[in-house]
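Trainee: Input file: final_21.cif. Contents: mmCIF, C-alpha atoms.
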data_run
loop_
_atom_site.label_atom_id
_atom_site.label_comp_id
_atom_site.auth_asym_id
_atom_site.auth_seq_id
_atom_site.Cartn_x
_atom_site.Cartn_y
_atom_site.Cartn_z
CA MET A 1 -108.58 156.02 -22.23
CA GLU A 2 -107.13 155.21 -25.65
CA THR A 3 -107.28 151.66 -27.01
CA SER A 4 -105.78 149.74 -29.91
CA ILE A 5 -105.82 146.19 -31.28
CA VAL A 6 -102.79 143.90 -31.59
CA THR A 7 -102.22 142.51 -35.11
CA SER A 8 -101.22 138.93 -35.92
CA LYS A 9 -97.61 140.20 -36.11
CA GLY A 10 -97.80 141.63 -32.57
CA GLN A 11 -97.98 145.22 -33.81
CA VAL A 12 -99.99 147.94 -32.08
CA VAL A 13 -100.94 151.37 -33.40
CA ILE A 14 -100.26 154.11 -30.85
CA PRO A 15 -103.15 156.60 -31.11
CA SER A 16 -102.15 159.90 -32.76
CA LYS A 17 -103.18 161.92 -29.70
CA LEU A 18 -100.63 160.03 -27.59
CA ARG A 19 -97.95 160.14 -30.31
CA ARG A 20 -98.24 163.93 -30.44
CA LYS A 21 -98.30 164.27 -26.65
CA TYR A 22 -95.14 162.19 -26.17
CA GLY A 23 -93.25 163.27 -29.29
CA ILE A 24 -93.31 159.85 -30.94
CA LYS A 25 -92.38 160.09 -34.61
CA ASN A 26 -91.42 157.62 -37.32
CA GLY A 27 -88.25 155.84 -36.16
CA THR A 28 -88.62 156.68 -32.45
CA ARG A 29 -87.16 153.90 -30.30
CA ILE A 30 -89.61 152.51 -27.73
CA HIS A 31 -88.59 150.71 -24.53
CA PHE A 32 -90.92 148.20 -22.88
CA TYR A 33 -90.81 147.63 -19.13
CA GLU A 34 -92.74 145.36 -16.80
CA VAL A 35 -93.50 146.90 -13.42
CA ASN A 36 -95.69 145.18 -10.84
CA GLY A 37 -97.43 143.06 -13.46
CA GLU A 38 -98.07 146.01 -15.80
CA MET A 39 -96.42 146.68 -19.14
CA ARG A 40 -95.10 150.19 -19.60
CA ILE A 41 -94.05 151.75 -22.87
CA VAL A 42 -91.47 154.56 -22.81
CA PRO A 43 -90.44 156.42 -25.97
CA VAL A 44 -86.75 157.31 -26.13
CA THR A 45 -86.97 160.93 -27.27
CA PRO A 46 -84.47 163.80 -27.03
CA GLU A 47 -86.55 165.13 -24.12
CA LEU A 48 -86.13 161.86 -22.21
CA ILE A 49 -82.38 161.91 -22.85
CA ASP A 50 -82.11 165.55 -21.74
CA LYS A 51 -84.15 164.81 -18.62
CA ASN A 52 -81.77 162.01 -17.61
CA ILE A 53 -78.43 163.65 -18.42
CA GLY A 54 -76.10 163.20 -15.49
CA LEU A 55 -78.11 160.36 -14.01
CA LEU A 56 -75.37 157.81 -14.66
CA ARG A 57 -72.52 160.33 -14.40
CA THR A 58 -71.04 159.34 -17.74
CA LYS A 59 -70.07 162.94 -18.63
CA GLY A 60 -72.15 162.83 -21.81
CA LYS A 61 -70.67 159.58 -23.21
CA LEU A 62 -73.96 157.70 -22.86
CA MET A 63 -75.93 160.51 -24.49
CA ARG A 64 -73.50 160.65 -27.44
CA ALA A 65 -73.75 156.87 -27.84
CA LEU A 66 -77.57 157.01 -27.81
CA LEU A 67 -77.64 159.82 -30.37
CA GLU A 68 -75.18 157.97 -32.63
CA ASP A 69 -77.29 154.81 -32.35
CA LYS A 70 -80.42 156.76 -33.28
CA LYS A 71 -78.61 158.31 -36.25
CA ARG A 72 -77.55 154.86 -37.51
CA GLU A 73 -81.15 153.63 -37.22
CA ARG A 74 -82.41 156.53 -39.30
CA GLU A 75 -79.92 155.68 -42.04
CA LEU A 76 -81.32 152.14 -42.39
#
Show the structure stored in the file as structure tokens.
Mentor:
Amino acid sequence: METSIVTSKGQVVIPSKLRRKYGIKNGTRIHFYEVNGEMRIVPVTPELIDKNIGLLRTKGKLMRALLEDKKREREL
């Protein structure tokens, strides 16, 4: 089990072992979910997007929008 400490700003360092395992890099968007009283953290990576293509039957529109959003974030 990996652990981390929350800073006064609410920031948490994700251990490098987990960052490598899940492909989390500088600028990766992270989604937070609450499920049955537990907090879950899901990185939005190209692998996650590829895995869910077709799920909403948007014919690629959603994926293009996500990739454009990620590109804009990187430019900031």
Trainee: Using only C-alpha atoms, which of A:Asn36, A:Arg29, A:Ile41, A:Ser8 sits nearest Lys70 of chain A?
Mentor: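 Looking at the shortest contact to Lys70 of chain A, the residue is A:Arg29.
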Trainee: Calculated over only C-alpha atoms, which of the candidates A:Glu75, A:His31, A:Leu18, A:Ala65 has the smallest distance to Ser4 of chain A?
Mentor: A:Leu18
Trainee: Considering only C-alpha atoms, state which residue in the set A:Gly60, A:Ile5, A:Gly27, A:Ile14 is at the smallest distance from Thr45 of chain A.
Mentor: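 Closest to Thr45 of chain A, using only C-alpha atoms: A:Gly27.
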Trainee: For the atom pair atom CA of Leu67 of chain A and atom CA of Pro43 of chain A, what is the interatomic distance in Å to one decimal place?
Mentor: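 Taking atom CA of Leu67 of chain A as the start and atom CA of Pro43 of chain A as the end point, the length is 14.0 Å.
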Trainee: Using all atoms listed in the file, find the one residue out of A:Ser16, A:Lys61, A:Thr28, A:Lys21 that sits nearest to Glu73 of chain A.
Mentor: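 Using all atoms listed in the file, Glu73 of chain A sits closest to A:Thr28.
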Trainee: Tell me, in Å to one decimal, how far atom CA of Gly10 of chain A is from atom CA of Pro46 of chain A.
Mentor: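 It comes out at 26.5 Å.
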Trainee: Give, as JSON, the centre coordinates and the x, y and z edge lengths in Å to one decimal for an axis-aligned box around all listed atoms of segment 30-36 of chain A, padded by 8 Å on each side.
Mentor:
{"center_x": -92.1, "center_y": 148.8, "center_z": -19.3, "size_x": 23.1, "size_y": 23.3, "size_z": 32.9}
Trainee: Report the distance between atom CA of Glu2 of chain A and atom CA of Pro15 of chain A in Å, rounded to one decimal place.
Mentor: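 Taking atom CA of Glu2 of chain A and atom CA of Pro15 of chain A, their separation equals 6.9 Å.
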Trainee: So, counting only C-alpha atoms, which residue among A:Met1, A:Val6, A:Val42, A:Leu66 is closest to Tyr22 of chain A?
Mentor: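 When distances to Tyr22 of chain A are compared using only C-alpha atoms, the smallest one comes from A:Val42.
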Trainee: Rank A:Glu34, A:Arg40, A:Lys25, A:Gln11 by their smallest atom-to-atom distance to Arg74 of chain A, using all atoms listed in the file, and report the top residue only.
Mentor: A:Lys25
